[in-house]
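Have a look at structure12.pdb; it's PDB, C-alpha atoms:
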ATOM      1  CA  MET E 320      15.297  16.423   9.392  1.00  0.00           C
ATOM      2  CA  VAL E 321      15.082  12.642   9.024  1.00  0.00           C
ATOM      3  CA  LYS E 322      14.381  10.474  12.035  1.00  0.00           C
ATOM      4  CA  VAL E 323      15.715   6.907  11.969  1.00  0.00           C
ATOM      5  CA  ASP E 324      14.482   4.144  14.293  1.00  0.00           C
ATOM      6  CA  SER E 325      15.328   0.454  14.310  1.00  0.00           C
ATOM      7  CA  HIS E 326      14.201  -2.693  16.055  1.00  0.00           C
ATOM      8  CA  ALA E 327      15.908  -6.107  16.201  1.00  0.00           C
ATOM      9  CA  PHE E 328      13.950  -9.309  16.742  1.00  0.00           C
ATOM     10  CA  GLY E 329      15.728 -12.648  16.435  1.00  0.00           C
ATOM     11  CA  ARG E 330      17.484 -12.907  13.089  1.00  0.00           C
ATOM     12  CA  TRP E 331      15.678  -9.835  11.727  1.00  0.00           C
ATOM     13  CA  THR E 332      16.070  -6.076  11.982  1.00  0.00           C
ATOM     14  CA  VAL E 333      13.725  -3.387  10.683  1.00  0.00           C
ATOM     15  CA  VAL E 334      15.000   0.139  10.044  1.00  0.00           C
ATOM     16  CA  VAL E 335      12.501   2.973   9.585  1.00  0.00           C
ATOM     17  CA  SER E 336      13.257   6.459   8.288  1.00  0.00           C
ATOM     18  CA  GLU E 337      10.737   9.280   8.658  1.00  0.00           C
ATOM     19  CA  GLY E 338      10.892  12.751   7.179  1.00  0.00           C
ATOM     20  CA  LEU E 339       8.874  15.656   5.845  1.00  0.00           C
ATOM     21  CA  MET E 340       7.105  15.952   2.516  1.00  0.00           C
ATOM     22  CA  SER E 341       9.554  16.261  -0.361  1.00  0.00           C
ATOM     23  CA  ASP E 342      10.360  19.752  -1.643  1.00  0.00           C
ATOM     24  CA  SER E 343       9.933  20.962  -5.225  1.00  0.00           C
ATOM     25  CA  ILE E 344      13.528  20.215  -6.245  1.00  0.00           C
ATOM     26  CA  ARG E 345      13.392  16.572  -5.166  1.00  0.00           C
ATOM     27  CA  SER E 346       9.883  16.225  -6.592  1.00  0.00           C
ATOM     28  CA  GLU E 347      11.037  17.476  -9.998  1.00  0.00           C
ATOM     29  CA  ARG E 348      13.849  14.923 -10.032  1.00  0.00           C
ATOM     30  CA  LEU E 349      11.412  12.197  -9.039  1.00  0.00           C
ATOM     31  CA  LEU E 350       8.991  13.248 -11.777  1.00  0.00           C
ATOM     32  CA  GLN E 351      11.675  12.710 -14.393  1.00  0.00           C
ATOM     33  CA  ASP E 352      12.728   9.440 -12.806  1.00  0.00           C
ATOM     34  CA  VAL E 353       9.271   7.837 -12.701  1.00  0.00           C
ATOM     35  CA  GLY E 354       8.187   9.150 -16.102  1.00  0.00           C
ATOM     36  CA  LEU E 355       4.728  10.403 -15.091  1.00  0.00           C
ATOM     37  CA  PRO E 356       3.115  13.698 -16.192  1.00  0.00           C
ATOM     38  CA  GLN E 357       2.545  14.622 -12.548  1.00  0.00           C
ATOM     39  CA  LEU E 358       3.109  13.357  -9.017  1.00  0.00           C
ATOM     40  CA  PRO E 359       0.733  12.914  -6.095  1.00  0.00           C
ATOM     41  CA  GLU E 360       0.229  16.118  -4.115  1.00  0.00           C
ATOM     42  CA  MET E 361       2.203  14.736  -1.194  1.00  0.00           C
ATOM     43  CA  VAL E 362       5.237  12.495  -1.640  1.00  0.00           C
ATOM     44  CA  PHE E 363       7.454  11.469   1.267  1.00  0.00           C
ATOM     45  CA  LEU E 364      10.763  10.331  -0.189  1.00  0.00           C
ATOM     46  CA  ASP E 365      12.418  10.200   3.229  1.00  0.00           C
ATOM     47  CA  ASN E 366       9.801   7.767   4.519  1.00  0.00           C
ATOM     48  CA  HIS E 367      11.039   4.260   3.908  1.00  0.00           C
ATOM     49  CA  VAL E 368      11.445   0.903   5.586  1.00  0.00           C
ATOM     50  CA  THR E 369      14.267  -1.614   5.223  1.00  0.00           C
ATOM     51  CA  ILE E 370      14.190  -5.187   6.512  1.00  0.00           C
ATOM     52  CA  THR E 371      17.424  -7.059   7.104  1.00  0.00           C
ATOM     53  CA  HIS E 372      18.041 -10.724   7.842  1.00  0.00           C
ATOM     54  CA  GLU E 373      21.252 -11.496   9.717  1.00  0.00           C
ATOM     55  CA  ASP E 374      22.600  -8.037   8.793  1.00  0.00           C
ATOM     56  CA  VAL E 375      21.846  -8.443   5.087  1.00  0.00           C
ATOM     57  CA  GLU E 376      19.224  -6.133   3.523  1.00  0.00           C
ATOM     58  CA  VAL E 377      16.473  -8.145   1.840  1.00  0.00           C
ATOM     59  CA  LEU E 378      13.444  -5.846   1.446  1.00  0.00           C
ATOM     60  CA  SER E 379      12.715  -2.152   1.298  1.00  0.00           C
ATOM     61  CA  PHE E 380       9.611  -0.027   0.865  1.00  0.00           C
ATOM     62  CA  ASN E 381       9.722   3.463  -0.662  1.00  0.00           C
ATOM     63  CA  ALA E 382       7.637   5.940  -2.659  1.00  0.00           C
ATOM     64  CA  SER E 383       9.941   6.178  -5.674  1.00  0.00           C
ATOM     65  CA  ASP E 384       9.760   2.488  -6.593  1.00  0.00           C
ATOM     66  CA  ALA E 385       6.012   2.460  -5.930  1.00  0.00           C
ATOM     67  CA  LEU E 386       5.339   5.354  -8.315  1.00  0.00           C
ATOM     68  CA  LYS E 387       7.394   3.688 -11.049  1.00  0.00           C
ATOM     69  CA  GLN E 388       4.693   1.009 -11.149  1.00  0.00           C
ATOM     70  CA  VAL E 389       1.842   3.443 -11.802  1.00  0.00           C
ATOM     71  CA  SER E 390       0.436   2.806 -15.271  1.00  0.00           C
ATOM     72  CA  LYS E 391       1.179   5.365 -17.954  1.00  0.00           C
ATOM     73  CA  SER E 392      -2.027   4.614 -19.812  1.00  0.00           C
ATOM     74  CA  ASP E 393      -5.631   3.655 -19.028  1.00  0.00           C
ATOM     75  CA  PRO E 394      -6.744   4.392 -15.445  1.00  0.00           C
ATOM     76  CA  ASN E 395      -9.508   1.800 -15.919  1.00  0.00           C
ATOM     77  CA  ILE E 396     -12.057   3.930 -14.072  1.00  0.00           C
ATOM     78  CA  LYS E 397     -14.847   5.471 -16.126  1.00  0.00           C
ATOM     79  CA  VAL E 398     -15.411   8.617 -14.139  1.00  0.00           C
ATOM     80  CA  ALA E 399     -17.877  10.057 -16.630  1.00  0.00           C
ATOM     81  CA  ALA E 400     -20.082   6.979 -16.247  1.00  0.00           C
ATOM     82  CA  THR E 401     -21.295   8.323 -12.901  1.00  0.00           C
ATOM     83  CA  LYS E 402     -23.781  11.071 -13.662  1.00  0.00           C
ATOM     84  CA  LYS E 403     -24.008  12.396 -10.111  1.00  0.00           C
ATOM     85  CA  TRP E 404     -20.244  12.713  -9.857  1.00  0.00           C
ATOM     86  CA  ARG E 405     -20.066  14.393 -13.270  1.00  0.00           C
ATOM     87  CA  GLU E 406     -22.763  16.969 -12.546  1.00  0.00           C
ATOM     88  CA  ALA E 407     -21.264  17.883  -9.184  1.00  0.00           C
ATOM     89  CA  ARG E 408     -17.769  18.424 -10.560  1.00  0.00           C
ATOM     90  CA  GLN E 409     -18.021  20.057 -13.968  1.00  0.00           C
ATOM     91  CA  ASP E 410     -14.701  21.826 -13.430  1.00  0.00           C
ATOM     92  CA  SER E 411     -12.753  18.695 -12.554  1.00  0.00           C
ATOM     93  CA  GLU E 412      -9.757  17.902 -14.725  1.00  0.00           C
ATOM     94  CA  TYR E 413     -10.788  14.233 -14.588  1.00  0.00           C
ATOM     95  CA  ILE E 414     -14.204  14.603 -16.233  1.00  0.00           C
ATOM     96  CA  ASP E 415     -14.535  12.503 -19.406  1.00  0.00           C
ATOM     97  CA  ARG E 416     -11.289  10.592 -18.872  1.00  0.00           C
ATOM     98  CA  GLU E 417     -12.842   7.261 -19.675  1.00  0.00           C
ATOM     99  CA  VAL E 418     -10.460   5.214 -21.770  1.00  0.00           C
ATOM    100  CA  VAL E 419      -7.584   7.323 -23.051  1.00  0.00           C
ATOM    101  CA  SER E 420      -5.421   9.016 -20.411  1.00  0.00           C
ATOM    102  CA  PRO E 421      -1.778  10.066 -20.394  1.00  0.00           C
ATOM    103  CA  PHE E 422      -1.353   8.201 -17.120  1.00  0.00           C
ATOM    104  CA  ASP E 423      -3.373   6.573 -14.377  1.00  0.00           C
ATOM    105  CA  TRP E 424      -4.455   9.670 -12.483  1.00  0.00           C
ATOM    106  CA  THR E 425      -5.676   7.479  -9.590  1.00  0.00           C
ATOM    107  CA  PHE E 426      -2.011   6.579  -8.939  1.00  0.00           C
ATOM    108  CA  THR E 427      -3.018   2.926  -8.511  1.00  0.00           C
ATOM    109  CA  THR E 428       0.160   0.931  -7.971  1.00  0.00           C
ATOM    110  CA  PRO E 429       0.539  -2.843  -7.649  1.00  0.00           C
ATOM    111  CA  TYR E 430       3.711  -2.183  -5.644  1.00  0.00           C
ATOM    112  CA  ARG E 431       4.447  -4.862  -3.061  1.00  0.00           C
ATOM    113  CA  ALA E 432       8.038  -4.138  -2.107  1.00  0.00           C
ATOM    114  CA  SER E 433      11.500  -3.533  -3.469  1.00  0.00           C
ATOM    115  CA  TYR E 434      13.166  -6.944  -3.465  1.00  0.00           C
ATOM    116  CA  LEU E 435      16.901  -6.602  -3.019  1.00  0.00           C
ATOM    117  CA  ARG E 436      18.173  -9.352  -5.320  1.00  0.00           C
ATOM    118  CA  PRO E 437      20.242 -11.501  -5.480  1.00  0.00           C
ATOM    119  CA  LEU E 438      19.922 -11.645  -1.726  1.00  0.00           C
ATOM    120  CA  VAL E 439      16.453 -13.210  -1.861  1.00  0.00           C
ATOM    121  CA  ASP E 440      14.897 -15.944  -3.941  1.00  0.00           C
ATOM    122  CA  GLU E 441      11.824 -15.449  -6.069  1.00  0.00           C
ATOM    123  CA  LEU E 442       8.446 -15.635  -4.374  1.00  0.00           C
ATOM    124  CA  LYS E 443       7.374 -19.280  -4.287  1.00  0.00           C
ATOM    125  CA  PRO E 444       4.041 -21.006  -3.633  1.00  0.00           C
ATOM    126  CA  VAL E 445       3.355 -22.045  -0.071  1.00  0.00           C
ATOM    127  CA  GLY E 446       4.912 -25.471   0.482  1.00  0.00           C
ATOM    128  CA  SER E 447       3.470 -26.538   3.841  1.00  0.00           C
ATOM    129  CA  PRO E 448       0.568 -25.710   6.194  1.00  0.00           C
ATOM    130  CA  GLU E 449       3.029 -24.018   8.560  1.00  0.00           C
ATOM    131  CA  GLU E 450       3.867 -21.417   5.929  1.00  0.00           C
ATOM    132  CA  LYS E 451       1.068 -19.011   6.709  1.00  0.00           C
ATOM    133  CA  ILE E 452       0.250 -15.865   8.632  1.00  0.00           C
ATOM    134  CA  ASP E 453      -0.432 -17.027  12.168  1.00  0.00           C
ATOM    135  CA  ILE E 454      -3.666 -15.177  12.895  1.00  0.00           C
ATOM    136  CA  GLU E 455      -3.890 -16.576  16.416  1.00  0.00           C
ATOM    137  CA  LYS E 456      -0.534 -15.087  17.349  1.00  0.00           C
ATOM    138  CA  LEU E 457      -1.580 -11.746  15.929  1.00  0.00           C
ATOM    139  CA  LYS E 458      -4.816 -11.835  17.927  1.00  0.00           C
ATOM    140  CA  ARG E 459      -3.002 -12.313  21.206  1.00  0.00           C
ATOM    141  CA  ARG E 460      -2.618  -9.264  23.402  1.00  0.00           C
ATOM    142  CA  ASP E 461       1.157  -9.494  23.409  1.00  0.00           C
ATOM    143  CA  PRO E 462       2.975  -6.207  24.019  1.00  0.00           C
ATOM    144  CA  ILE E 463       3.779  -4.333  20.808  1.00  0.00           C
ATOM    145  CA  LEU E 464       7.516  -3.697  20.973  1.00  0.00           C
ATOM    146  CA  PHE E 465       7.778  -1.596  17.818  1.00  0.00           C
ATOM    147  CA  TYR E 466       5.119   0.181  15.749  1.00  0.00           C
ATOM    148  CA  LYS E 467       5.199   2.540  12.774  1.00  0.00           C
ATOM    149  CA  ASP E 468       2.695   3.903  10.255  1.00  0.00           C
ATOM    150  CA  LEU E 469       4.292   5.741   7.319  1.00  0.00           C
ATOM    151  CA  VAL E 470       2.609   7.485   4.401  1.00  0.00           C
ATOM    152  CA  LEU E 471       4.637   7.109   1.195  1.00  0.00           C
ATOM    153  CA  PHE E 472       2.367   9.262  -0.960  1.00  0.00           C
ATOM    154  CA  GLU E 473      -1.110  10.783  -0.901  1.00  0.00           C
ATOM    155  CA  ASP E 474      -3.324  12.698  -3.330  1.00  0.00           C
ATOM    156  CA  GLU E 475      -6.853  14.100  -2.935  1.00  0.00           C
ATOM    157  CA  LEU E 476      -7.631  13.799  -6.670  1.00  0.00           C
ATOM    158  CA  SER E 477      -8.549  17.491  -6.928  1.00  0.00           C
ATOM    159  CA  ASP E 478     -10.917  17.139  -3.948  1.00  0.00           C
ATOM    160  CA  ASN E 479     -12.653  14.224  -5.658  1.00  0.00           C
ATOM    161  CA  GLY E 480     -11.421  11.433  -3.398  1.00  0.00           C
ATOM    162  CA  CYS E 481      -8.197  10.005  -2.067  1.00  0.00           C
ATOM    163  CA  ALA E 482      -5.279   7.911  -3.285  1.00  0.00           C
ATOM    164  CA  MET E 483      -2.816   6.876  -0.603  1.00  0.00           C
ATOM    165  CA  LEU E 484       0.000   4.390  -0.170  1.00  0.00           C
ATOM    166  CA  ASN E 485       1.202   3.670   3.335  1.00  0.00           C
ATOM    167  CA  VAL E 486       3.280   1.120   5.218  1.00  0.00           C
ATOM    168  CA  LYS E 487       2.228  -0.017   8.672  1.00  0.00           C
ATOM    169  CA  LEU E 488       4.245  -2.422  10.807  1.00  0.00           C
ATOM    170  CA  ARG E 489       4.292  -3.895  14.276  1.00  0.00           C
ATOM    171  CA  ALA E 490       6.691  -6.225  16.047  1.00  0.00           C
ATOM    172  CA  MET E 491       5.888  -8.436  19.007  1.00  0.00           C
ATOM    173  CA  LYS E 492       8.121 -10.916  20.813  1.00  0.00           C
ATOM    174  CA  SER E 493       6.704 -13.844  18.818  1.00  0.00           C
ATOM    175  CA  CYS E 494       6.148 -12.366  15.340  1.00  0.00           C
ATOM    176  CA  PHE E 495       6.359  -9.403  12.978  1.00  0.00           C
ATOM    177  CA  LEU E 496       3.756  -8.064  10.547  1.00  0.00           C
ATOM    178  CA  LEU E 497       4.132  -5.387   7.879  1.00  0.00           C
ATOM    179  CA  LEU E 498       1.259  -4.126   5.731  1.00  0.00           C
ATOM    180  CA  VAL E 499       1.678  -2.240   2.452  1.00  0.00           C
ATOM    181  CA  ARG E 500      -1.698  -0.704   1.573  1.00  0.00           C
ATOM    182  CA  PHE E 501      -2.863   1.257  -1.445  1.00  0.00           C
ATOM    183  CA  TYR E 502      -6.247   2.848  -0.804  1.00  0.00           C
ATOM    184  CA  LEU E 503      -8.254   4.575  -3.534  1.00  0.00           C
ATOM    185  CA  ARG E 504     -11.558   6.361  -3.231  1.00  0.00           C
ATOM    186  CA  VAL E 505     -13.089   8.212  -6.180  1.00  0.00           C
ATOM    187  CA  ASP E 506     -16.111   9.919  -4.658  1.00  0.00           C
ATOM    188  CA  ASP E 507     -19.454   8.405  -5.715  1.00  0.00           C
ATOM    189  CA  VAL E 508     -17.630   6.015  -8.040  1.00  0.00           C
ATOM    190  CA  VAL E 509     -15.379   3.349  -6.519  1.00  0.00           C
ATOM    191  CA  VAL E 510     -13.253   2.191  -3.593  1.00  0.00           C
ATOM    192  CA  ARG E 511     -10.192   0.080  -4.330  1.00  0.00           C
ATOM    193  CA  MET E 512      -7.721  -1.455  -1.916  1.00  0.00           C
ATOM    194  CA  ILE E 513      -4.528  -3.409  -2.584  1.00  0.00           C
ATOM    195  CA  ASP E 514      -2.992  -4.972   0.524  1.00  0.00           C
ATOM    196  CA  THR E 515       0.247  -6.928   0.849  1.00  0.00           C
ATOM    197  CA  ARG E 516       1.125  -8.384   4.239  1.00  0.00           C
ATOM    198  CA  TYR E 517       4.580  -9.627   5.226  1.00  0.00           C
ATOM    199  CA  TYR E 518       4.754 -11.985   8.190  1.00  0.00           C
ATOM    200  CA  THR E 519       7.739 -13.621   9.839  1.00  0.00           C
ATOM    201  CA  GLU E 520       8.920 -14.951  13.186  1.00  0.00           C
ATOM    202  CA  PRO E 521      12.210 -14.327  15.022  1.00  0.00           C
ATOM    203  CA  ASP E 522      13.918 -17.633  14.127  1.00  0.00           C
ATOM    204  CA  TRP E 523      12.559 -17.945  10.580  1.00  0.00           C
ATOM    205  CA  GLY E 524      14.618 -17.609   7.405  1.00  0.00           C
ATOM    206  CA  LYS E 525      11.552 -16.813   5.309  1.00  0.00           C
ATOM    207  CA  ILE E 526       8.676 -14.344   5.024  1.00  0.00           C
ATOM    208  CA  VAL E 527       5.067 -15.234   4.235  1.00  0.00           C
ATOM    209  CA  VAL E 528       3.637 -12.780   1.689  1.00  0.00           C
ATOM    210  CA  GLU E 529      -0.146 -12.425   1.338  1.00  0.00           C
ATOM    211  CA  SER E 530      -1.567 -10.062  -1.285  1.00  0.00           C
ATOM    212  CA  THR E 531      -5.237  -9.144  -1.640  1.00  0.00           C
ATOM    213  CA  ARG E 532      -7.039  -6.822  -4.045  1.00  0.00           C
ATOM    214  CA  ARG E 533     -10.513  -5.571  -3.140  1.00  0.00           C
ATOM    215  CA  GLU E 534     -12.860  -3.277  -5.025  1.00  0.00           C
ATOM    216  CA  GLU E 535     -16.484  -2.141  -5.011  1.00  0.00           C
ATOM    217  CA  SER E 536     -18.532   0.678  -6.473  1.00  0.00           C
ATOM    218  CA  ILE E 537     -19.646   3.308  -3.999  1.00  0.00           C
ATOM    219  CA  PRO E 538     -23.299   3.098  -5.139  1.00  0.00           C
ATOM    220  CA  ASN E 539     -23.251  -0.607  -4.207  1.00  0.00           C
ATOM    221  CA  LEU E 540     -21.717   0.177  -0.836  1.00  0.00           C
ATOM    222  CA  ARG E 541     -24.279   2.879  -0.112  1.00  0.00           C
ATOM    223  CA  SER E 542     -27.101   0.512  -1.104  1.00  0.00           C
ATOM    224  CA  LYS E 543     -25.978  -1.634   1.834  1.00  0.00           C
ATOM    225  CA  ASP E 544     -26.359   1.370   4.168  1.00  0.00           C
ATOM    226  CA  ILE E 545     -22.607   1.684   4.625  1.00  0.00           C
ATOM    227  CA  SER E 546     -21.966   5.202   5.827  1.00  0.00           C
ATOM    228  CA  TYR E 547     -19.637   7.696   4.171  1.00  0.00           C
ATOM    229  CA  SER E 548     -17.507   7.801   7.319  1.00  0.00           C
ATOM    230  CA  VAL E 549     -16.858   4.067   6.944  1.00  0.00           C
ATOM    231  CA  ILE E 550     -16.141   4.395   3.220  1.00  0.00           C
ATOM    232  CA  THR E 551     -13.507   7.042   3.928  1.00  0.00           C
ATOM    233  CA  SER E 552     -11.786   4.896   6.584  1.00  0.00           C
ATOM    234  CA  PRO E 553      -9.474   2.272   5.002  1.00  0.00           C
ATOM    235  CA  ASP E 554      -9.502   0.045   8.088  1.00  0.00           C
ATOM    236  CA  GLU E 555     -13.284   0.117   8.406  1.00  0.00           C
ATOM    237  CA  ILE E 556     -14.185  -0.298   4.747  1.00  0.00           C
ATOM    238  CA  SER E 557     -11.715  -3.099   4.023  1.00  0.00           C
ATOM    239  CA  PRO E 558     -13.914  -6.008   5.266  1.00  0.00           C
ATOM    240  CA  GLU E 559     -16.871  -4.605   3.307  1.00  0.00           C
ATOM    241  CA  LEU E 560     -15.091  -4.811  -0.054  1.00  0.00           C
ATOM    242  CA  PRO E 561     -15.329  -8.002  -2.145  1.00  0.00           C
ATOM    243  CA  VAL E 562     -12.053  -9.783  -2.814  1.00  0.00           C
ATOM    244  CA  ILE E 563     -11.109  -9.556  -6.484  1.00  0.00           C
ATOM    245  CA  GLU E 564      -7.787 -11.345  -6.281  1.00  0.00           C
ATOM    246  CA  THR E 565      -5.686 -13.001  -3.595  1.00  0.00           C
ATOM    247  CA  ASP E 566      -2.255 -14.580  -3.553  1.00  0.00           C
ATOM    248  CA  LEU E 567      -0.195 -16.355  -0.891  1.00  0.00           C
ATOM    249  CA  LYS E 568       3.516 -17.024  -1.348  1.00  0.00           C
ATOM    250  CA  VAL E 569       6.703 -17.449   0.665  1.00  0.00           C
ATOM    251  CA  LEU E 570       9.902 -15.475   0.258  1.00  0.00           C
ATOM    252  CA  HIS E 571      12.858 -17.712   1.144  1.00  0.00           C
ATOM    253  CA  ILE E 572      16.029 -15.921   2.096  1.00  0.00           C
ATOM    254  CA  SER E 573      19.061 -17.283   0.245  1.00  0.00           C
TER     255      SER E 573
END

Could you spell out this file's structure in structure tokens?
Amino acid sequence: MVKVDSHAFGRWTVVVSEGLMSDSIRSERLLQDVGLPQLPEMVFLDNHVTITHEDVEVLSFNASDALKQVSKSDPNIKVAATKKWREARQDSEYIDREVVSPFDWTFTTPYRASYLRPLVDELKPVGSPEEKIDIEKLKRRDPILFYKDLVLFEDELSDNGCAMLNVKLRAMKSCFLLLVRFYLRVDDVVVRMIDTRYYTEPDWGKIVVESTRREESIPNLRSKDISYSVITSPDEISPELPVIETDLKVLHIS
């Protein structure tokens, strides 16, 4: 059973579909489509978001396209380098996967969105001070007219952490914000977060796109007396992670 909700604000409409975890038949088809040796434990193919501008679809967010961007080589995390982790999990399938791996078993994806070309231009650098996420508007206690939080996929890394991609959105009278977040935690090793925020206003013909990548080793976090409960909460740990890379662009609708 798939539930579909929509919300219109100015020139924009957001359509959200929500469903159950995909069954084995759909998962097998997806596995062949994305070309990975295995999928995350939980994949929600019926969970997706579509954004339209004046009745024309311009952006969508879905698990299938996100998994296609998972690397099929080096996971770039040296699990065996952490002695404590190694000793505690001798039976883990991930032990000793340092450099050579058939795929990135952390399911790290740089996925930002599925851009429905040729209906949108390429992302362009910010051209004026007005082209930004209006933090002050977001801080206001305006009524939230529409809110959704969808998980696209999730995996517990054989009880050794968490890899999750979700889409969270909220619409107010004055603005709209959508967050695509990939959160990775490999216990006693690392926390990684890749955020992409999409911001627009009712009468705009553009979307501001802000992407940020954060990462820190868990030993460094614990040395700062950051508790495990904070480390396991994406919202709480985010401000504690150093920014590795950031990017601000504008998507102009053609």

Open item on the list: Since I can't run it myself right now, could you work out what the PyMOL selection byres ((chain E and resi 425) around 10) selects here and report it as a VMD selection string?
Closed with: chain E and resid 359 389 to 390 394 to 396 413 422 to 424 426 to 428 474 to 476 480 to 483 502 to 505

Those residues with C-alpha atoms, as a compact mmCIF listing (two decimals), keeping the file's coordinate frame please?
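So the final result, stored in selection-v3.txt, reads:
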# COMPACT_ATOMS: atom_id res chain seq x y z
CA PRO E 359 0.73 12.91 -6.10
CA VAL E 389 1.84 3.44 -11.80
CA SER E 390 0.44 2.81 -15.27
CA PRO E 394 -6.74 4.39 -15.44
CA ASN E 395 -9.51 1.80 -15.92
CA ILE E 396 -12.06 3.93 -14.07
CA TYR E 413 -10.79 14.23 -14.59
CA PHE E 422 -1.35 8.20 -17.12
CA ASP E 423 -3.37 6.57 -14.38
CA TRP E 424 -4.46 9.67 -12.48
CA PHE E 426 -2.01 6.58 -8.94
CA THR E 427 -3.02 2.93 -8.51
CA THR E 428 0.16 0.93 -7.97
CA ASP E 474 -3.32 12.70 -3.33
CA GLU E 475 -6.85 14.10 -2.94
CA LEU E 476 -7.63 13.80 -6.67
CA GLY E 480 -11.42 11.43 -3.40
CA CYS E 481 -8.20 10.01 -2.07
CA ALA E 482 -5.28 7.91 -3.28
CA MET E 483 -2.82 6.88 -0.60
CA TYR E 502 -6.25 2.85 -0.80
CA LEU E 503 -8.25 4.58 -3.53
CA ARG E 504 -11.56 6.36 -3.23
CA VAL E 505 -13.09 8.21 -6.18

Task: Residues within 8 Å of stretch 429-434 of chain E, only C-alpha atoms, excluding chain neighbours under 4 positions, as a list in words - done: Val377, Leu378, Ser379, Phe380, Asn381, Asp384, Ala385, Gln388, Val389, Val439, Val499, Ile513 and Thr515 of chain E

TODO: Counting only C-alpha atoms, select every polymer residue within 10 Å of (4.6, -7.8, 12.5) as defined in the file's coordinates, and provide the selection as a list in words.
DONE: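 Protein and nucleic acid residues near the point are Ile452, Leu457, Ile463, Leu464, Phe465, Tyr466, Lys487, Leu488, Arg489, Ala490, Met491, Lys492, Ser493, Cys494, Phe495, Leu496, Leu497, Leu498, Arg516, Tyr517, Tyr518, Thr519 and Glu520 of chain E.
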
Open item on the list: Here's the selection I'm unsure about, the PyMOL selection byres ((chain E and resi 320) around 7); applied to the file above, which residues does it give, as a list in words?
Closed with: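 Applied to this file, the PyMOL selection byres ((chain E and resi 320) around 7) selects Val321, Lys322 and Gly338 of chain E.
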
Open item on the list: Given only C-alpha atoms as the basis, pick out the residue of E:Val486, E:Ile572, E:Leu358, E:Val508 nearest to E:Glu535.
Closed with: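 The answer is E:Val508, which sits nearest to E:Glu535.
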
Open item on the list: From the options E:Glu555, E:Asp468, E:Glu473, E:Glu373, which residue's atoms come nearest to E:Glu360, counting all atoms listed in the file?
Closed with: E:Glu473

Task: atom CA of E:Asn485 to atom CA of E:Val333, straight-line distance in Å - done: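 According to the coordinates, atom CA of E:Val333 and atom CA of E:Asn485 are separated by 16.1 Å.
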
Task: Computed interatomic separation between atom CA of E:Arg345 and atom CA of E:Asp514 (Å) - done: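 Separation between atom CA of E:Arg345 and atom CA of E:Asp514: 27.7 Å.
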
Open item on the list: As an exercise, work out the distance from atom CA of E:Trp523 to atom CA of E:Arg330 in Å and give it to one decimal place.
Closed with: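 Separating atom CA of E:Trp523 from atom CA of E:Arg330 is a distance of 7.5 Å.
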
- [ ] Compare E:Ser536, E:Thr369, E:Asn479, E:Ser542 by their minimum atom-to-atom distance to E:Val334, counting all atoms listed in the file, and give me the closest one.
- [x]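 Comparing E:Ser536, E:Thr369, E:Asn479, E:Ser542 against E:Val334, the winner is E:Thr369.
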
TODO: Find, counting all atoms listed in the file, the residue in E:Glu376, E:Asp507, E:Asp522, E:Asp365 that gets nearest to E:Ser336.
DONE: E:Asp365

Open item on the list: Considering all atoms listed in the file, can you say which of E:Ile526, E:Leu355, E:Val362, E:Val562 comes closest to E:Leu339?
Closed with: E:Val362

TODO: Name the residues that the PyMOL selection byres ((chain E and resi 559) around 9) pulls out of this structure, and write them as an NGL selection string.
DONE: :E and (535 or 540 or 545 or 555-558 or 560-561)

TODO: Write out as a list of chain:residue names each polymer residue whose atoms come within 6 Å of E:Leu484, counting all atoms listed in the file; drop sequence neighbours fewer than 5 positions from it.
DONE: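 Once the adjacent positions are removed, what remains is E:Leu471, E:Phe472, E:Arg500, E:Phe501.
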
- [ ] Would you kindly return, as a list in words, each protein, DNA or RNA residue with an atom no farther than 9 Å from any atom of E:Ile563, considering all atoms listed in the file and excluding same-chain residues fewer than 5 positions away?
- [x]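 Using all atoms listed in the file, the neighbours found are Thr531, Arg532, Arg533 and Glu534 of chain E.
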
Open item on the list: Between E:Glu347, E:Glu337, E:Asp566, E:Glu455, which residue has the minimum interatomic distance to E:Leu469, considering only C-alpha atoms?
Closed with: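 Distance minimum relative to E:Leu469 lands on E:Glu337.
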